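**Q** Sharing coords_34.csv below, CSV, C-alpha atoms and all ligand atoms:
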```csv
chain,number,residue,atom,x,y,z
A,6,MET,CA,7.2,-30.2,1.6
A,7,ARG,CA,7.1,-26.7,3.2
A,8,THR,CA,5.6,-23.8,1.4
A,9,ILE,CA,7.3,-20.5,1.1
A,10,ASP,CA,4.6,-18.1,0.0
A,11,LEU,CA,6.2,-14.9,-1.5
A,12,ARG,CA,3.1,-13.9,-3.6
A,13,SER,CA,2.4,-11.0,-1.3
A,14,ASP,CA,2.7,-9.7,2.3
A,15,THR,CA,-1.1,-10.0,2.4
A,16,VAL,CA,-0.7,-13.8,3.1
A,17,THR,CA,0.8,-13.1,6.6
A,18,LYS,CA,-0.9,-14.8,9.5
A,19,PRO,CA,-1.6,-13.0,12.8
A,20,SER,CA,0.8,-13.5,15.7
A,21,LYS,CA,-0.2,-15.3,18.9
A,22,GLU,CA,-0.3,-11.9,20.6
A,23,MET,CA,-2.7,-10.7,18.0
A,24,LEU,CA,-5.0,-13.7,18.4
A,25,GLU,CA,-5.0,-13.3,22.1
A,26,SER,CA,-5.9,-9.6,21.8
A,27,ILE,CA,-9.0,-10.6,19.9
A,28,LEU,CA,-10.1,-12.9,22.7
A,29,ASN,CA,-9.6,-10.0,25.2
A,30,ALA,CA,-11.0,-7.1,23.2
A,31,GLU,CA,-13.6,-4.9,24.7
A,32,LEU,CA,-16.4,-4.8,22.1
A,33,GLY,CA,-19.4,-2.7,21.1
A,34,ASP,CA,-21.4,-1.8,18.0
A,35,ASP,CA,-19.1,0.4,15.9
A,36,VAL,CA,-22.0,1.6,13.6
A,37,TYR,CA,-23.3,3.2,16.8
A,38,GLY,CA,-19.8,4.4,17.5
A,39,GLU,CA,-19.7,2.2,20.6
A,40,ASP,CA,-16.7,-0.1,20.1
A,41,PRO,CA,-13.9,1.1,22.4
A,42,THR,CA,-11.2,-1.0,20.7
A,43,VAL,CA,-12.0,0.5,17.3
A,44,ASP,CA,-12.0,4.0,18.9
A,45,LYS,CA,-8.6,3.3,20.4
A,46,LEU,CA,-7.1,2.0,17.1
A,47,GLU,CA,-8.5,5.1,15.2
A,48,GLU,CA,-7.0,7.4,17.8
A,49,ILE,CA,-3.6,5.7,17.6
A,50,ALA,CA,-3.7,5.7,13.7
A,51,ALA,CA,-4.5,9.4,13.6
A,52,GLU,CA,-1.8,10.2,16.0
A,53,LYS,CA,0.8,8.1,14.1
A,54,MET,CA,-0.1,9.9,10.8
A,55,GLY,CA,-0.3,13.3,12.5
A,56,LYS,CA,-3.9,13.8,11.3
A,57,GLU,CA,-7.1,14.9,13.2
A,58,ASP,CA,-9.0,11.7,12.8
A,59,ALA,CA,-9.0,8.1,11.4
A,60,LEU,CA,-11.4,5.4,10.2
A,61,LEU,CA,-11.1,1.7,10.1
A,62,VAL,CA,-12.1,0.3,6.8
A,63,THR,CA,-12.4,-3.3,5.5
A,64,SER,CA,-9.6,-3.2,2.9
A,65,GLY,CA,-7.1,-1.0,1.1
A,66,THR,CA,-9.3,-1.1,-2.0
A,67,GLN,CA,-12.3,0.1,0.0
A,68,GLY,CA,-10.1,2.8,1.7
A,69,ASN,CA,-8.9,4.1,-1.6
A,70,LEU,CA,-12.4,4.2,-3.1
A,71,ILE,CA,-13.9,5.9,-0.1
A,72,SER,CA,-11.1,8.4,0.1
A,73,VAL,CA,-11.1,9.3,-3.6
A,74,MET,CA,-14.9,9.9,-3.4
A,75,ALA,CA,-14.6,11.9,-0.2
A,76,ASN,CA,-12.1,14.2,-1.9
A,77,THR,CA,-14.1,14.8,-5.2
A,78,ASN,CA,-17.4,15.2,-6.9
A,79,LYS,CA,-18.8,13.1,-9.6
A,80,GLY,CA,-17.5,13.9,-13.1
A,81,GLU,CA,-14.3,15.5,-11.9
A,82,GLU,CA,-10.8,14.4,-12.9
A,83,VAL,CA,-8.2,12.7,-10.8
A,84,ILE,CA,-4.4,12.6,-11.6
A,85,LEU,CA,-2.8,9.2,-11.1
A,86,ASP,CA,0.3,7.3,-12.0
A,87,SER,CA,-0.4,5.0,-14.9
A,88,GLU,CA,0.8,2.0,-12.9
A,89,SER,CA,-1.0,3.0,-9.7
A,90,HIS,CA,-2.9,0.4,-7.7
A,91,ILE,CA,-6.0,2.5,-7.8
A,92,TYR,CA,-5.9,2.5,-11.6
A,93,TYR,CA,-4.4,-1.0,-12.2
A,94,TYR,CA,-5.9,-3.3,-9.6
A,95,GLU,CA,-9.1,-1.9,-8.2
A,96,VAL,CA,-11.6,-3.2,-10.8
A,97,GLY,CA,-12.1,0.2,-12.2
A,98,GLY,CA,-14.0,1.3,-9.1
A,99,ILE,CA,-12.9,4.9,-9.7
A,100,ALA,CA,-14.9,5.0,-12.9
A,101,ALA,CA,-17.7,2.5,-12.1
A,102,VAL,CA,-18.5,3.6,-8.6
A,103,ALA,CA,-16.9,7.0,-8.1
A,104,ASN,CA,-17.8,8.3,-11.6
A,105,LEU,CA,-14.5,10.1,-12.0
A,106,LEU,CA,-12.3,10.7,-15.0
A,107,VAL,CA,-8.7,9.6,-14.7
A,108,LYS,CA,-5.7,11.4,-16.1
A,109,LEU,CA,-2.7,9.1,-16.1
A,110,ILE,CA,0.9,10.3,-16.0
A,111,LYS,CA,4.0,8.2,-15.9
A,112,GLY,CA,6.1,8.3,-12.8
A,113,ARG,CA,9.8,7.5,-12.5
A,114,MET,CA,10.3,4.5,-10.2
A,115,GLY,CA,6.8,5.3,-8.9
A,116,VAL,CA,7.4,8.9,-8.2
A,117,LEU,CA,5.6,11.6,-10.1
A,118,ASP,CA,7.4,14.7,-11.4
A,119,PRO,CA,5.8,17.9,-10.1
A,120,GLU,CA,6.0,19.4,-13.6
A,121,ASP,CA,4.1,16.5,-15.1
A,122,VAL,CA,1.5,16.9,-12.4
A,123,GLU,CA,1.2,20.7,-13.1
A,124,ASP,CA,0.9,20.0,-16.9
A,125,ALA,CA,-1.9,17.5,-16.2
A,126,ILE,CA,-4.1,19.9,-14.3
A,127,ARG,CA,-6.9,21.2,-16.5
A,128,PRO,CA,-7.1,25.0,-16.9
A,129,LYS,CA,-10.3,26.7,-15.9
A,130,ASN,CA,-12.4,26.4,-19.0
A,131,ILE,CA,-16.1,26.0,-19.6
A,132,HIS,CA,-15.5,22.9,-21.8
A,133,MET,CA,-13.3,21.0,-19.5
A,134,PRO,CA,-13.7,18.8,-16.5
A,135,ILE,CA,-12.5,20.0,-13.1
A,136,THR,CA,-9.2,18.5,-11.8
A,137,SER,CA,-9.8,18.0,-8.1
A,138,LEU,CA,-7.4,15.4,-6.8
A,139,VAL,CA,-3.9,14.0,-7.2
A,140,CYS,CA,-3.1,10.5,-5.9
A,141,ILE,CA,0.3,9.2,-5.1
A,142,GLU,CA,1.4,5.7,-4.0
A,143,ASN,CA,4.0,5.1,-1.3
A,144,THR,CA,5.6,2.6,-1.4
A,145,HIS,CA,4.8,2.1,-5.1
A,146,ASN,CA,3.7,-1.5,-5.7
A,147,ARG,CA,4.2,-2.0,-9.4
A,148,ALA,CA,7.4,0.1,-9.5
A,149,GLY,CA,8.8,-2.6,-7.1
A,150,GLY,CA,8.1,-1.2,-3.6
A,151,THR,CA,9.9,2.1,-4.2
A,152,VAL,CA,9.6,5.0,-1.7
A,153,TRP,CA,8.7,8.6,-2.0
A,154,LYS,CA,11.1,10.8,0.0
A,155,PRO,CA,9.4,13.6,2.0
A,156,GLU,CA,10.8,16.3,-0.2
A,157,GLN,CA,9.4,14.6,-3.3
A,158,ILE,CA,5.9,14.6,-1.7
A,159,LYS,CA,6.4,18.2,-0.7
A,160,ALA,CA,7.3,19.2,-4.3
A,161,VAL,CA,4.0,17.6,-5.6
A,162,SER,CA,2.1,19.0,-2.6
A,163,ASP,CA,3.3,22.6,-3.5
A,164,VAL,CA,1.9,22.3,-7.0
A,165,VAL,CA,-1.4,20.7,-5.7
A,166,GLU,CA,-1.9,23.4,-3.0
A,167,ASP,CA,-1.1,26.2,-5.4
A,168,LYS,CA,-3.8,25.0,-7.7
A,169,GLY,CA,-6.3,24.4,-4.9
A,170,LEU,CA,-6.5,20.6,-5.4
A,171,LYS,CA,-6.3,17.8,-2.8
A,172,LEU,CA,-3.5,15.4,-2.5
A,173,TYR,CA,-4.2,11.8,-1.4
A,174,MET,CA,-1.6,9.1,-0.6
A,175,ASP,CA,-2.3,5.4,-1.1
A,176,GLY,CA,0.1,4.4,1.7
A,177,ALA,CA,-0.9,0.7,1.8
A,178,ARG,CA,2.8,0.1,2.7
A,179,ILE,CA,3.6,3.5,4.2
A,180,PHE,CA,5.4,2.0,7.2
A,181,ASN,CA,7.7,0.1,4.9
A,182,SER,CA,8.5,3.4,3.3
A,183,ALA,CA,9.2,5.1,6.7
A,184,VAL,CA,11.3,2.2,8.0
A,185,ALA,CA,13.3,2.0,4.8
A,186,GLN,CA,14.1,5.7,5.1
A,187,ASN,CA,14.5,5.6,8.8
A,188,ILE,CA,12.1,8.5,9.3
A,189,ASP,CA,8.9,9.1,11.2
A,190,VAL,CA,5.9,8.4,9.0
A,191,ARG,CA,4.5,11.8,9.8
A,192,LYS,CA,7.3,13.4,7.8
A,193,MET,CA,5.6,12.1,4.7
A,194,ALA,CA,1.9,12.2,5.8
A,195,ARG,CA,2.2,15.9,6.7
A,196,TYR,CA,2.3,16.9,3.0
A,197,VAL,CA,-0.9,15.1,2.0
A,198,ASP,CA,-4.5,15.9,2.8
A,199,ASN,CA,-5.3,12.3,3.6
A,200,VAL,CA,-3.7,8.9,3.6
A,201,MET,CA,-4.7,5.2,3.7
A,202,PHE,CA,-2.5,2.5,5.1
A,203,CYS,CA,-3.1,-1.3,5.4
A,204,LEU,CA,-2.9,-3.3,8.6
A,205,SER,CA,-3.3,-6.5,6.6
A,206,LYS,CA,0.0,-6.4,4.7
A,207,GLY,CA,3.5,-6.3,6.3
A,208,LEU,CA,1.9,-5.5,9.7
A,209,ALA,CA,0.5,-9.0,9.6
A,210,CYS,CA,-3.1,-8.3,10.7
A,211,PRO,CA,-5.8,-10.6,9.3
A,212,VAL,CA,-8.0,-7.7,8.0
A,213,GLY,CA,-8.3,-4.0,7.8
A,214,SER,CA,-7.0,-0.7,6.6
A,215,MET,CA,-7.1,2.8,8.0
A,216,ILE,CA,-7.8,6.2,6.4
A,217,CYS,CA,-6.6,9.3,8.1
A,218,GLY,CA,-7.3,13.0,7.6
A,219,THR,CA,-9.3,16.0,8.9
A,220,GLU,CA,-12.4,15.4,11.0
A,221,GLU,CA,-14.5,16.7,8.1
A,222,PHE,CA,-13.0,14.3,5.7
A,223,ILE,CA,-13.4,11.3,8.0
A,224,GLU,CA,-17.1,12.3,8.6
A,225,LYS,CA,-17.7,12.1,4.9
A,226,ALA,CA,-15.6,8.9,4.6
A,227,ARG,CA,-17.7,7.3,7.4
A,228,LYS,CA,-20.9,7.9,5.4
A,229,TYR,CA,-19.4,6.4,2.2
A,230,ARG,CA,-18.1,3.4,4.2
A,231,LYS,CA,-21.7,2.7,5.4
A,232,MET,CA,-22.9,3.1,1.8
A,233,PHE,CA,-20.4,0.4,0.7
A,234,GLY,CA,-21.5,-2.0,3.4
A,235,GLY,CA,-18.4,-1.4,5.4
A,236,GLY,CA,-20.1,-0.3,8.6
A,237,MET,CA,-19.0,-3.2,10.9
A,238,ARG,CA,-20.5,-4.1,14.2
A,239,GLN,CA,-18.2,-5.6,16.9
A,240,ALA,CA,-15.2,-4.5,14.7
A,241,GLY,CA,-13.0,-4.5,17.8
A,242,ILE,CA,-12.0,-8.0,16.8
A,243,ILE,CA,-10.3,-6.5,13.8
A,244,ALA,CA,-9.1,-3.4,15.6
A,245,ALA,CA,-7.4,-5.3,18.5
A,246,PRO,CA,-4.7,-6.9,16.3
A,247,GLY,CA,-4.4,-3.5,14.5
A,248,ILE,CA,-3.4,-1.9,17.8
A,249,ILE,CA,-0.7,-4.6,18.3
A,250,ALA,CA,0.4,-4.1,14.8
A,251,LEU,CA,1.0,-0.4,15.2
A,252,GLU,CA,2.6,-0.8,18.6
A,253,SER,CA,4.9,-3.7,17.8
A,254,MET,CA,5.1,-4.8,14.2
A,255,VAL,CA,6.5,-1.7,12.5
A,256,GLU,CA,10.2,-1.9,13.5
A,257,ARG,CA,10.4,-5.5,12.4
A,258,LEU,CA,9.7,-4.5,8.8
A,259,LYS,CA,13.5,-3.9,8.6
A,260,GLU,CA,14.0,-7.7,8.6
A,261,ASP,CA,11.7,-8.0,5.6
A,262,HIS,CA,13.7,-5.3,3.8
A,263,GLU,CA,17.0,-7.1,4.6
A,264,ASN,CA,15.6,-10.4,3.3
A,265,ALA,CA,14.4,-8.7,0.1
A,266,LYS,CA,17.9,-7.3,-0.5
A,267,ILE,CA,19.5,-10.8,0.1
A,268,LEU,CA,17.0,-12.3,-2.3
A,269,ALA,CA,17.5,-9.6,-4.9
A,270,ARG,CA,21.3,-9.9,-4.8
A,271,GLY,CA,21.1,-13.7,-4.9
A,272,LEU,CA,18.8,-13.4,-8.0
A,273,LYS,CA,21.3,-11.1,-9.6
A,274,ASP,CA,24.1,-13.5,-8.9
A,275,LEU,CA,22.0,-16.2,-10.6
A,276,ASN,CA,21.9,-13.9,-13.7
A,277,PHE,CA,18.3,-13.0,-13.5
A,278,ARG,CA,17.5,-9.5,-14.9
A,279,ILE,CA,16.7,-7.3,-11.9
A,280,ASP,CA,17.0,-3.6,-11.2
A,281,LEU,CA,18.6,-3.6,-7.7
A,282,LYS,CA,17.9,0.2,-7.4
A,283,ARG,CA,14.2,-0.6,-7.1
A,284,VAL,CA,14.6,-3.0,-4.2
A,285,GLN,CA,14.1,-0.5,-1.5
A,286,THR,CA,11.6,-2.3,0.7
A,287,ASN,CA,10.0,-5.7,0.8
A,288,ILE,CA,9.2,-6.2,-2.9
A,289,VAL,CA,11.4,-7.9,-5.4
A,290,VAL,CA,10.5,-7.8,-9.1
A,291,PHE,CA,12.7,-9.6,-11.7
A,292,GLU,CA,12.5,-10.9,-15.2
A,293,VAL,CA,12.3,-14.4,-16.6
A,294,GLU,CA,11.6,-15.7,-20.1
A,295,ASN,CA,8.2,-17.0,-19.4
A,296,SER,CA,6.7,-16.0,-16.1
A,297,GLU,CA,3.8,-18.4,-16.1
A,298,LYS,CA,6.1,-21.4,-16.8
A,299,PHE,CA,8.6,-20.2,-14.2
A,300,ILE,CA,6.0,-19.8,-11.5
A,301,SER,CA,4.5,-23.3,-12.1
A,302,GLU,CA,8.0,-24.7,-12.0
A,303,ILE,CA,8.9,-23.2,-8.6
A,304,ASN,CA,5.4,-24.2,-7.3
A,305,LYS,CA,6.6,-27.8,-7.6
A,306,HIS,CA,9.3,-26.9,-5.1
A,307,GLY,CA,6.8,-25.3,-2.6
A,308,ILE,CA,7.7,-21.7,-3.7
A,309,LYS,CA,5.0,-19.3,-4.6
A,310,ALA,CA,5.4,-16.0,-6.4
A,311,SER,CA,3.1,-13.6,-8.4
A,312,ASN,CA,3.0,-13.1,-12.1
A,313,PHE,CA,3.6,-9.4,-12.7
A,314,GLY,CA,3.0,-9.7,-16.5
A,315,LYS,CA,5.4,-9.4,-19.5
A,316,GLY,CA,7.9,-11.9,-18.1
A,317,LYS,CA,8.0,-10.2,-14.7
A,318,VAL,CA,7.8,-12.1,-11.4
A,319,ARG,CA,7.2,-10.5,-8.0
A,320,MET,CA,8.3,-11.9,-4.7
A,321,VAL,CA,7.4,-10.2,-1.4
A,322,THR,CA,9.1,-10.8,1.9
A,323,HIS,CA,7.0,-10.6,5.1
A,324,TYR,CA,6.4,-11.7,8.7
A,325,GLY,CA,6.9,-15.5,8.8
A,326,ILE,CA,9.6,-15.5,6.1
A,327,GLU,CA,13.1,-16.1,7.5
A,328,LYS,CA,16.6,-15.9,6.2
A,329,GLU,CA,16.7,-19.7,5.7
A,330,ASP,CA,13.6,-19.5,3.5
A,331,ILE,CA,15.4,-17.0,1.3
A,332,LYS,CA,18.4,-19.4,1.2
A,333,TYR,CA,16.1,-22.3,0.2
A,334,VAL,CA,14.5,-20.2,-2.6
A,335,LEU,CA,17.9,-19.2,-4.0
A,336,ASP,CA,19.3,-22.8,-3.7
A,337,THR,CA,16.2,-24.2,-5.4
A,338,LEU,CA,16.5,-21.7,-8.2
A,339,GLU,CA,20.1,-22.6,-8.7
A,340,THR,CA,19.2,-26.2,-9.0
A,341,ILE,CA,16.3,-25.6,-11.4
A,342,LEU,CA,18.5,-23.4,-13.6
B,401,LIG,N1,-2.1,-5.0,-3.3
B,401,LIG,C1,-2.1,-6.4,-3.5
B,401,LIG,C2,-2.8,-6.8,-4.8
B,401,LIG,O1,-4.0,-6.2,-4.9
B,401,LIG,C3,-2.0,-6.5,-6.0
B,401,LIG,C4,-0.7,-7.0,-3.4
B,401,LIG,O2,-0.6,-8.2,-3.2
B,401,LIG,O3,0.3,-6.2,-3.4
B,401,LIG,N2,-2.8,-0.1,-2.5
B,401,LIG,C5,-1.7,-0.8,-2.8
B,401,LIG,C6,-0.4,0.0,-3.1
B,401,LIG,C7,-1.7,-2.2,-2.7
B,401,LIG,O4,-0.5,-2.8,-3.0
B,401,LIG,C8,-2.9,-2.9,-2.4
B,401,LIG,C9,-2.9,-4.4,-2.4
B,401,LIG,C10,-4.0,-2.1,-2.1
B,401,LIG,C11,-3.9,-0.7,-2.2
B,401,LIG,C12,-5.3,-2.7,-1.8
B,401,LIG,O5,-5.4,-3.4,-0.6
B,401,LIG,P1,-6.4,-4.5,-0.3
B,401,LIG,O6,-5.8,-5.8,-0.8
B,401,LIG,O7,-6.5,-4.6,1.2
B,401,LIG,O8,-7.7,-4.2,-0.9
```
Can you turn what I pasted into structure tokens?
Ligand code: TLP
**A**
Amino acid sequence: MRTIDLRSDTVTKPSKEMLESILNAELGDDVYGEDPTVDKLEEIAAEKMGKEDALLVTSGTQGNLISVMANTNKGEEVILDSESHIYYYEVGGIAAVANLLVKLIKGRMGVLDPEDVEDAIRPKNIHMPITSLVCIENTHNRAGGTVWKPEQIKAVSDVVEDKGLKLYMDGARIFNSAVAQNIDVRKMARYVDNVMFCLSKGLACPVGSMICGTEEFIEKARKYRKMFGGGMRQAGIIAAPGIIALESMVERLKEDHENAKILARGLKDLNFRIDLKRVQTNIVVFEVENSEKFISEINKHGIKASNFGKGKVRMVTHYGIEKEDIKYVLDTLETIL
């Protein structure tokens, strides 16, 4: 029986071209700043985001933690969406490691209202912590892969700038957002001080994420990366597929988005509760009576999905998932029902 793994786009396997690039990569010790392949990847990433500099990190979680710390001082407060990955899925690192307070606000389909952001910023008052950072997530994972439009980022950025804070974007899937809106990723990145994106999700790399920002920010980030054990030696073996990803895996995200839409419409036709407005990229979230039971049932047919809690199931389309796989999933669900 074949397996169709829709738990996440993190399950993607590298392409043949990526594997070959690893064999041919020019390597050096990146802690000494001597790996030319890492240097090249960092240059490309910075250029794509329209930022001065970039840094290869081990994972999105590490990139978020490093970035949050490089933007703040201990004891300060960070404004976050209540369903954000940083708050929800990163083991509380923002409190346990970064020693920051979090102020949660509720976004609408993953997008924060600038007025809510403004209201959440602490006034200057001797008794209060200092608000120093606002984080946004684009695409927003728990909202169902929803995108932030450039003007929505700008509106939050205007508030943040006015109050002298920093704006950070967890752009783990920023290229999905750009491709879905048919815009250059820089149109979004320009309004944030710094941004993280993942190579290891829809772009199909085996490992790695990038953080991008000013030279000063990246210098601080590099120090934190070392502190967290993320200084890697011949990291060119990770960077080489990253270069391929940025050069040739971005446009194909369209296929994942198309497959997600086919899947979502098929689920709706099968009478699953699903909000089609949220299916904007490669994530499909829908409701079932008992998500645990549902997932174990589909597992028997070789289909894997994630339990999103409260009767919600998440399926993510990605490199390696074809239209016929989506058809198989829908046919199988029809039979099970
Ligand atoms: N998300 C994973 C799981 O952790 C839930 C997934 O399967 O979607 N930001 C966002 C928005 C993410 O979705 C993720 C991964 C991360 C950061 C963390 O990236 P990694 O997994 O590389 O640490």
**Q** Might you pull out every residue within 8 Å of region 283-298 of chain A, with all atoms listed in the file counted and same-chain residues fewer than 3 positions away left off, and present them as an MDAnalysis selection string?
**A** chainID A and resid 114 146 148:152 181:182 185 261:262 264:266 268:269 277:280 301:302 312:323
**Q** With only C-alpha atoms as the basis for distance, which of A:Lys225, A:Arg238, A:Arg191, A:Lys282 is at the shortest distance from Ala50 (chain A)?
**A**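 Closest candidate: A:Arg191.
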**Q** Between CA of Leu117 (chain A) and atom O4 of ligand LIG 401 (chain B), what is the distance, to one decimal in Å?
**A**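 Result for CA of Leu117 (chain A) versus atom O4 of ligand LIG 401 (chain B): 17.2 Å, one decimal.
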**Q** Nearest residue to Phe202 (chain A) out of A:Ser137, A:Thr66, A:Ser214, A:Ser87, using all atoms listed in the file?
**A**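 So, comparing all the options, the nearest one is A:Ser214.
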**Q** Please return as a ChimeraX atom specification the residues found within 9 Å of ligand LIG 401 (chain B), counting all atoms listed in the file.
**A** /A:12-16,63-69,89-91,93-95,142-147,150,175-178,201-206,212-214,288,311,321
**Q** Okay, now the selection with C-alpha atoms, as an mmCIF file, in the coordinates of the input?
**A**
```
data_model
loop_
_atom_site.group_PDB
_atom_site.id
_atom_site.type_symbol
_atom_site.label_atom_id
_atom_site.label_comp_id
_atom_site.auth_asym_id
_atom_site.auth_seq_id
_atom_site.Cartn_x
_atom_site.Cartn_y
_atom_site.Cartn_z
ATOM 1 C CA ARG A 12 3.100 -13.900 -3.600
ATOM 2 C CA SER A 13 2.400 -11.000 -1.300
ATOM 3 C CA ASP A 14 2.700 -9.700 2.300
ATOM 4 C CA THR A 15 -1.100 -10.000 2.400
ATOM 5 C CA VAL A 16 -0.700 -13.800 3.100
ATOM 6 C CA THR A 63 -12.400 -3.300 5.500
ATOM 7 C CA SER A 64 -9.600 -3.200 2.900
ATOM 8 C CA GLY A 65 -7.100 -1.000 1.100
ATOM 9 C CA THR A 66 -9.300 -1.100 -2.000
ATOM 10 C CA GLN A 67 -12.300 0.100 0.000
ATOM 11 C CA GLY A 68 -10.100 2.800 1.700
ATOM 12 C CA ASN A 69 -8.900 4.100 -1.600
ATOM 13 C CA SER A 89 -1.000 3.000 -9.700
ATOM 14 C CA HIS A 90 -2.900 0.400 -7.700
ATOM 15 C CA ILE A 91 -6.000 2.500 -7.800
ATOM 16 C CA TYR A 93 -4.400 -1.000 -12.200
ATOM 17 C CA TYR A 94 -5.900 -3.300 -9.600
ATOM 18 C CA GLU A 95 -9.100 -1.900 -8.200
ATOM 19 C CA GLU A 142 1.400 5.700 -4.000
ATOM 20 C CA ASN A 143 4.000 5.100 -1.300
ATOM 21 C CA THR A 144 5.600 2.600 -1.400
ATOM 22 C CA HIS A 145 4.800 2.100 -5.100
ATOM 23 C CA ASN A 146 3.700 -1.500 -5.700
ATOM 24 C CA ARG A 147 4.200 -2.000 -9.400
ATOM 25 C CA GLY A 150 8.100 -1.200 -3.600
ATOM 26 C CA ASP A 175 -2.300 5.400 -1.100
ATOM 27 C CA GLY A 176 0.100 4.400 1.700
ATOM 28 C CA ALA A 177 -0.900 0.700 1.800
ATOM 29 C CA ARG A 178 2.800 0.100 2.700
ATOM 30 C CA MET A 201 -4.700 5.200 3.700
ATOM 31 C CA PHE A 202 -2.500 2.500 5.100
ATOM 32 C CA CYS A 203 -3.100 -1.300 5.400
ATOM 33 C CA LEU A 204 -2.900 -3.300 8.600
ATOM 34 C CA SER A 205 -3.300 -6.500 6.600
ATOM 35 C CA LYS A 206 0.000 -6.400 4.700
ATOM 36 C CA VAL A 212 -8.000 -7.700 8.000
ATOM 37 C CA GLY A 213 -8.300 -4.000 7.800
ATOM 38 C CA SER A 214 -7.000 -0.700 6.600
ATOM 39 C CA ILE A 288 9.200 -6.200 -2.900
ATOM 40 C CA SER A 311 3.100 -13.600 -8.400
ATOM 41 C CA VAL A 321 7.400 -10.200 -1.400
#
```
**Q** Just need region 138-151 of chain A in a file, please: C-alpha atoms, as a JSON list (two decimals), in the first residue's frame.
**A**
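Result file selection-v2.json:
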```
[["chain", "number", "residue", "atom", "x", "y", "z"],
["A", 138, "LEU", "CA", 8.45, 43.68, 19.55],
["A", 139, "VAL", "CA", 5.44, 42.63, 17.48],
["A", 140, "CYS", "CA", 5.50, 39.28, 15.69],
["A", 141, "ILE", "CA", 3.36, 38.31, 12.73],
["A", 142, "GLU", "CA", 3.05, 34.96, 10.96],
["A", 143, "ASN", "CA", 2.75, 34.75, 7.17],
["A", 144, "THR", "CA", 1.34, 32.35, 6.05],
["A", 145, "HIS", "CA", -0.47, 31.69, 9.28],
["A", 146, "ASN", "CA", -0.30, 28.02, 10.11],
["A", 147, "ARG", "CA", -3.15, 27.51, 12.61],
["A", 148, "ALA", "CA", -5.45, 29.88, 10.73],
["A", 149, "GLY", "CA", -5.14, 27.46, 7.80],
["A", 150, "GLY", "CA", -2.25, 28.83, 5.72],
["A", 151, "THR", "CA", -3.78, 32.28, 5.32]]
```
